[in-house]
Amino acid sequence: MSNLQGKVALVTGGGGGIGSAICRRLATAGAQLVITYNSNQDNARATANSLEGGNHLALRCPVDDSAAQANLAEAIGEKYGRLDILVNNAGISKGVAHDDLDGLDDELIDRIFRVNWRGAFASIRALAPLMYAEGGVIINISSIAGRTGVGSNVAYCASKAAMDSMTRSLARALAPRIRVLSVSPGWVNGDYARSMPRALIAEQEEKTPLGRIAEAEDVAEAVYAAVAQLRFSTGDIIAVDGGRPLG
């Protein structure tokens with residue numbers, strides 16, 4: 001399947017579990033990938049080198065550094081001359097019990113919002129001009145936590161709710177040139193889930209109507225569908241949670 005042949009896609013945090021799965025799916029469909037990272041250089045470069053096709057690139061660009069984002073946009077413009085797909089995947093969190101109000105200190109709150117929300121907005125602000133001429137798609141990787149208020153901490157939940165709100169606002173503002181959607185996973189079988197007690201994950205699986213938590217590839221398939229198949233959709237929040245809110 002090569003219906004993204006000639007397209008250029010950027011995935012922030014593309015060396016991680018979900019990010020690398022998204023990169024692989026888009027590359028399989030023919031896209032050229034730009035993978036950005038903050039500290040995970042080895043994984044980002046390994047992902048870029050493993051992708052189908054060629055002309056892929058891994059670059060360091062912290063999403064909360066607006067100057068670096070501007071430099072990134074210039075570099076992509078010089079190398080590719082366009083950007084068709086932007087996936088805002090980079091994000092951070094830390095487990096803090098929701099009733100531990102003192103445990104969620106100001107520094108952590110600010111860092112979560114700086115990376116998860118401001119970083120995604122800064123990426124869009126810097127890179128949207130490359131997408132205007134040909135049109136494009138922006139996918140924000142949010143979370144079921146933004147809707148349910150259940151997640152690793154209160155600030156994380158709020159940052160993902162803010163991301164979904166931004167998706168709706170910018171879908172209106174950037175139309176018709178650019179479509180903007182959120183892909184919203186529940187639990188994903190990655191490093192974080194594997195660090196949790198098995199009993200907790202089993203409980204989540206039991207409460208999920210489809211009987212399991214997501215794999216990174218489930219998220220990647222949703223991103224691909226949003227980009228290549230849901231061509232008349234914008235401003236929508238696409239759940240990849242196995243029906244967990246119904247459990």
# chains A, B, ... in the order shown; residues from 1 in each chain; ligands from 1
call {"tool": "residues_around", "arguments": {"residues": "region 212-221 of chain A", "least_positions_apart": "2", "cutoff": "9 Å", "atoms": "only C-alpha atoms", "output": "NGL selection string"}}
result
:A and (17-26 or 141 or 183-190 or 201-202 or 204-210 or 223-226 or 240-242 or 244)
call {"tool": "residues_around", "arguments": {"residues": "region 133-135 of chain A", "least_positions_apart": "5", "cutoff": "7 Å", "atoms": "only C-alpha atoms", "output": "ChimeraX atom specification"}}
result
/A:84,177-178
call {"tool": "select_by_dssp", "arguments": {"residues": "region 102-245 of chain A", "states": "helix (DSSP H, G or I)", "output": "ChimeraX atom specification"}}
result
/A:106-131,145-148,154-174,191-195,198-207,216-228,244-245
call {"tool": "residues_around", "arguments": {"residues": "Ala75 (chain A)", "least_positions_apart": "2", "cutoff": "12 Å", "atoms": "only C-alpha atoms", "output": "VMD selection string"}}
result
chain A and resid 34 57 to 61 68 to 73 77 to 83 126 to 127 130
call {"tool": "residues_around", "arguments": {"residues": "Gly16 (chain A)", "least_positions_apart": "5", "cutoff": "12 Å", "atoms": "only C-alpha atoms", "output": "MDAnalysis selection string"}}
result
chainID A and resid 11 21:24 35:48 89:92 190:192 216
call {"tool": "write_last_selection", "arguments": {"atoms": "C-alpha atoms", "output": "PDB file, in the first residue's frame"}}
result
ATOM      1  CA  VAL A  11       6.464  12.488  14.106  1.00  0.00           C
ATOM      2  CA  ALA A  21       4.966   2.277  15.396  1.00  0.00           C
ATOM      3  CA  ILE A  22       3.430   5.355  13.759  1.00  0.00           C
ATOM      4  CA  CYS A  23       6.619   5.955  11.770  1.00  0.00           C
ATOM      5  CA  ARG A  24       6.657   2.364  10.536  1.00  0.00           C
ATOM      6  CA  ILE A  35      11.610  11.839  13.404  1.00  0.00           C
ATOM      7  CA  THR A  36      12.328  14.331  16.164  1.00  0.00           C
ATOM      8  CA  TYR A  37      13.626  13.568  19.622  1.00  0.00           C
ATOM      9  CA  ASN A  38      14.841  15.325  22.744  1.00  0.00           C
ATOM     10  CA  SER A  39      17.153  12.852  24.488  1.00  0.00           C
ATOM     11  CA  ASN A  40      16.380   9.501  22.832  1.00  0.00           C
ATOM     12  CA  GLN A  41      18.849   9.874  19.948  1.00  0.00           C
ATOM     13  CA  ASP A  42      19.777   6.209  19.593  1.00  0.00           C
ATOM     14  CA  ASN A  43      16.181   5.007  19.330  1.00  0.00           C
ATOM     15  CA  ALA A  44      15.216   7.792  16.923  1.00  0.00           C
ATOM     16  CA  ARG A  45      18.115   7.057  14.587  1.00  0.00           C
ATOM     17  CA  ALA A  46      17.552   3.310  14.823  1.00  0.00           C
ATOM     18  CA  THR A  47      13.896   3.826  13.918  1.00  0.00           C
ATOM     19  CA  ALA A  48      14.786   6.041  10.948  1.00  0.00           C
ATOM     20  CA  ASN A  89       3.259  12.413  19.675  1.00  0.00           C
ATOM     21  CA  ALA A  90       5.882  13.705  22.149  1.00  0.00           C
ATOM     22  CA  GLY A  91       4.654  13.835  25.722  1.00  0.00           C
ATOM     23  CA  ILE A  92       5.632  13.295  29.334  1.00  0.00           C
ATOM     24  CA  GLY A 190       4.370  -0.234  26.312  1.00  0.00           C
ATOM     25  CA  ASP A 191       7.075   0.531  28.843  1.00  0.00           C
ATOM     26  CA  TYR A 192       4.718   2.391  31.192  1.00  0.00           C
ATOM     27  CA  ALA A 216       1.199   0.613  19.753  1.00  0.00           C
TER      28      ALA A 216
END
call {"tool": "atom_distance", "arguments": {"atom1": "CA of Gly151 (chain A)", "atom2": "CA of Met196 (chain A)"}}
result
12.8 Å
call {"tool": "select_by_dssp", "arguments": {"residues": "region 61-239 of chain A", "states": "strand (DSSP E or B)", "output": "list of chain:residue names"}}
result
A:Ile85, A:Leu86, A:Val87, A:Asn88, A:Gly136, A:Val137, A:Ile138, A:Ile139, A:Asn140, A:Ile141, A:Ile178, A:Arg179, A:Val180, A:Leu181, A:Ser182, A:Val183, A:Ser184, A:Pro185, A:Val188, A:Ala214, A:Ile237, A:Ile238, A:Ala239
call {"tool": "atom_distance", "arguments": {"atom1": "CA of Ile139 (chain A)", "atom2": "CA of Ile85 (chain A)"}}
result
7.7 Å
call {"tool": "decode", "arguments": {"residues": "region 102-207 of chain A", "atoms": "C-alpha atoms", "output": "PDB file, in the first residue's frame"}}
result
ATOM      1  CA  ASP A 102       1.218  18.313  47.393  1.00  0.00           C
ATOM      2  CA  GLY A 103       2.866  15.633  45.271  1.00  0.00           C
ATOM      3  CA  LEU A 104       1.811  17.464  42.119  1.00  0.00           C
ATOM      4  CA  ASP A 105       4.134  20.433  42.568  1.00  0.00           C
ATOM      5  CA  ASP A 106       4.265  23.547  40.407  1.00  0.00           C
ATOM      6  CA  GLU A 107       7.419  22.509  38.586  1.00  0.00           C
ATOM      7  CA  LEU A 108       5.915  19.199  37.433  1.00  0.00           C
ATOM      8  CA  ILE A 109       2.631  20.848  36.427  1.00  0.00           C
ATOM      9  CA  ASP A 110       4.459  23.454  34.347  1.00  0.00           C
ATOM     10  CA  ARG A 111       6.696  20.853  32.703  1.00  0.00           C
ATOM     11  CA  ILE A 112       3.764  18.638  31.739  1.00  0.00           C
ATOM     12  CA  PHE A 113       1.875  21.525  30.142  1.00  0.00           C
ATOM     13  CA  ARG A 114       5.036  22.923  28.543  1.00  0.00           C
ATOM     14  CA  VAL A 115       5.731  19.647  26.734  1.00  0.00           C
ATOM     15  CA  ASN A 116       2.295  18.109  26.245  1.00  0.00           C
ATOM     16  CA  TRP A 117       0.304  21.177  25.243  1.00  0.00           C
ATOM     17  CA  ARG A 118       2.590  24.107  24.511  1.00  0.00           C
ATOM     18  CA  GLY A 119       5.020  21.825  22.692  1.00  0.00           C
ATOM     19  CA  ALA A 120       2.293  20.521  20.389  1.00  0.00           C
ATOM     20  CA  PHE A 121       1.032  24.047  19.730  1.00  0.00           C
ATOM     21  CA  ALA A 122       4.576  25.287  19.061  1.00  0.00           C
ATOM     22  CA  SER A 123       5.092  22.484  16.540  1.00  0.00           C
ATOM     23  CA  ILE A 124       1.914  23.448  14.715  1.00  0.00           C
ATOM     24  CA  ARG A 125       2.781  27.145  14.800  1.00  0.00           C
ATOM     25  CA  ALA A 126       6.229  26.522  13.319  1.00  0.00           C
ATOM     26  CA  LEU A 127       5.333  23.849  10.778  1.00  0.00           C
ATOM     27  CA  ALA A 128       1.859  24.763   9.507  1.00  0.00           C
ATOM     28  CA  PRO A 129       3.245  27.214   6.913  1.00  0.00           C
ATOM     29  CA  LEU A 130       4.971  24.269   5.188  1.00  0.00           C
ATOM     30  CA  MET A 131       1.590  22.540   4.922  1.00  0.00           C
ATOM     31  CA  TYR A 132      -0.538  25.382   3.553  1.00  0.00           C
ATOM     32  CA  ALA A 133       0.331  25.084  -0.137  1.00  0.00           C
ATOM     33  CA  GLU A 134      -0.520  21.402  -0.616  1.00  0.00           C
ATOM     34  CA  GLY A 135      -2.862  20.961   2.337  1.00  0.00           C
ATOM     35  CA  GLY A 136      -2.116  18.486   5.086  1.00  0.00           C
ATOM     36  CA  VAL A 137      -3.152  16.689   8.235  1.00  0.00           C
ATOM     37  CA  ILE A 138      -2.187  17.295  11.859  1.00  0.00           C
ATOM     38  CA  ILE A 139      -2.723  14.433  14.292  1.00  0.00           C
ATOM     39  CA  ASN A 140      -2.494  15.141  18.014  1.00  0.00           C
ATOM     40  CA  ILE A 141      -1.901  12.051  20.154  1.00  0.00           C
ATOM     41  CA  SER A 142      -4.046  12.739  23.187  1.00  0.00           C
ATOM     42  CA  SER A 143      -5.458  10.241  25.704  1.00  0.00           C
ATOM     43  CA  ILE A 144      -8.650   8.838  27.107  1.00  0.00           C
ATOM     44  CA  ALA A 145      -7.469  10.561  30.302  1.00  0.00           C
ATOM     45  CA  GLY A 146      -8.524  13.899  28.830  1.00  0.00           C
ATOM     46  CA  ARG A 147     -12.126  12.685  28.772  1.00  0.00           C
ATOM     47  CA  THR A 148     -12.326  10.447  31.832  1.00  0.00           C
ATOM     48  CA  GLY A 149     -10.062  12.350  34.232  1.00  0.00           C
ATOM     49  CA  VAL A 150      -8.389   9.033  35.094  1.00  0.00           C
ATOM     50  CA  GLY A 151      -4.678   8.913  34.374  1.00  0.00           C
ATOM     51  CA  SER A 152      -1.154   9.127  35.748  1.00  0.00           C
ATOM     52  CA  ASN A 153      -1.839  12.460  37.450  1.00  0.00           C
ATOM     53  CA  VAL A 154      -4.306  15.344  37.415  1.00  0.00           C
ATOM     54  CA  ALA A 155      -2.084  17.630  35.315  1.00  0.00           C
ATOM     55  CA  TYR A 156      -1.549  14.934  32.692  1.00  0.00           C
ATOM     56  CA  CYS A 157      -5.320  14.457  32.347  1.00  0.00           C
ATOM     57  CA  ALA A 158      -5.797  18.208  32.034  1.00  0.00           C
ATOM     58  CA  SER A 159      -3.028  18.545  29.446  1.00  0.00           C
ATOM     59  CA  LYS A 160      -4.664  15.930  27.235  1.00  0.00           C
ATOM     60  CA  ALA A 161      -8.066  17.592  27.599  1.00  0.00           C
ATOM     61  CA  ALA A 162      -6.369  20.826  26.525  1.00  0.00           C
ATOM     62  CA  MET A 163      -4.899  19.033  23.509  1.00  0.00           C
ATOM     63  CA  ASP A 164      -8.351  17.849  22.429  1.00  0.00           C
ATOM     64  CA  SER A 165      -9.699  21.373  22.855  1.00  0.00           C
ATOM     65  CA  MET A 166      -6.836  22.674  20.702  1.00  0.00           C
ATOM     66  CA  THR A 167      -7.698  20.068  18.067  1.00  0.00           C
ATOM     67  CA  ARG A 168     -11.224  21.454  17.796  1.00  0.00           C
ATOM     68  CA  SER A 169     -10.099  25.090  17.801  1.00  0.00           C
ATOM     69  CA  LEU A 170      -7.433  24.637  15.149  1.00  0.00           C
ATOM     70  CA  ALA A 171      -9.596  22.370  12.998  1.00  0.00           C
ATOM     71  CA  ARG A 172     -11.865  25.369  12.612  1.00  0.00           C
ATOM     72  CA  ALA A 173      -9.072  27.918  12.298  1.00  0.00           C
ATOM     73  CA  LEU A 174      -6.910  26.058   9.766  1.00  0.00           C
ATOM     74  CA  ALA A 175      -9.698  24.696   7.551  1.00  0.00           C
ATOM     75  CA  PRO A 176      -9.934  24.035   4.688  1.00  0.00           C
ATOM     76  CA  ARG A 177      -6.178  23.926   4.078  1.00  0.00           C
ATOM     77  CA  ILE A 178      -5.270  21.657   7.002  1.00  0.00           C
ATOM     78  CA  ARG A 179      -7.296  18.986   8.776  1.00  0.00           C
ATOM     79  CA  VAL A 180      -6.681  18.537  12.517  1.00  0.00           C
ATOM     80  CA  LEU A 181      -7.667  15.444  14.525  1.00  0.00           C
ATOM     81  CA  SER A 182      -6.862  13.794  17.843  1.00  0.00           C
ATOM     82  CA  VAL A 183      -6.124  10.103  18.246  1.00  0.00           C
ATOM     83  CA  SER A 184      -6.980   9.209  21.825  1.00  0.00           C
ATOM     84  CA  PRO A 185      -5.644   5.899  23.210  1.00  0.00           C
ATOM     85  CA  GLY A 186      -6.452   4.266  26.511  1.00  0.00           C
ATOM     86  CA  TRP A 187      -3.864   2.019  28.125  1.00  0.00           C
ATOM     87  CA  VAL A 188      -1.165   1.040  25.631  1.00  0.00           C
ATOM     88  CA  ASN A 189       1.020  -2.014  26.046  1.00  0.00           C
ATOM     89  CA  GLY A 190       4.370  -0.234  26.312  1.00  0.00           C
ATOM     90  CA  ASP A 191       7.075   0.531  28.843  1.00  0.00           C
ATOM     91  CA  TYR A 192       4.718   2.391  31.192  1.00  0.00           C
ATOM     92  CA  ALA A 193       2.081  -0.348  31.211  1.00  0.00           C
ATOM     93  CA  ARG A 194       4.741  -3.016  31.694  1.00  0.00           C
ATOM     94  CA  SER A 195       6.049  -1.141  34.734  1.00  0.00           C
ATOM     95  CA  MET A 196       2.653  -1.428  36.416  1.00  0.00           C
ATOM     96  CA  PRO A 197       1.561  -4.410  38.543  1.00  0.00           C
ATOM     97  CA  ARG A 198       0.192  -7.149  36.323  1.00  0.00           C
ATOM     98  CA  ALA A 199      -2.972  -7.250  38.449  1.00  0.00           C
ATOM     99  CA  LEU A 200      -3.703  -3.617  37.529  1.00  0.00           C
ATOM    100  CA  ILE A 201      -3.358  -4.291  33.816  1.00  0.00           C
ATOM    101  CA  ALA A 202      -5.490  -7.419  34.120  1.00  0.00           C
ATOM    102  CA  GLU A 203      -8.175  -5.315  35.796  1.00  0.00           C
ATOM    103  CA  GLN A 204      -8.093  -2.820  32.911  1.00  0.00           C
ATOM    104  CA  GLU A 205      -8.362  -5.642  30.381  1.00  0.00           C
ATOM    105  CA  GLU A 206     -11.342  -7.114  32.226  1.00  0.00           C
ATOM    106  CA  LYS A 207     -13.117  -3.738  32.252  1.00  0.00           C
TER     107      LYS A 207
END
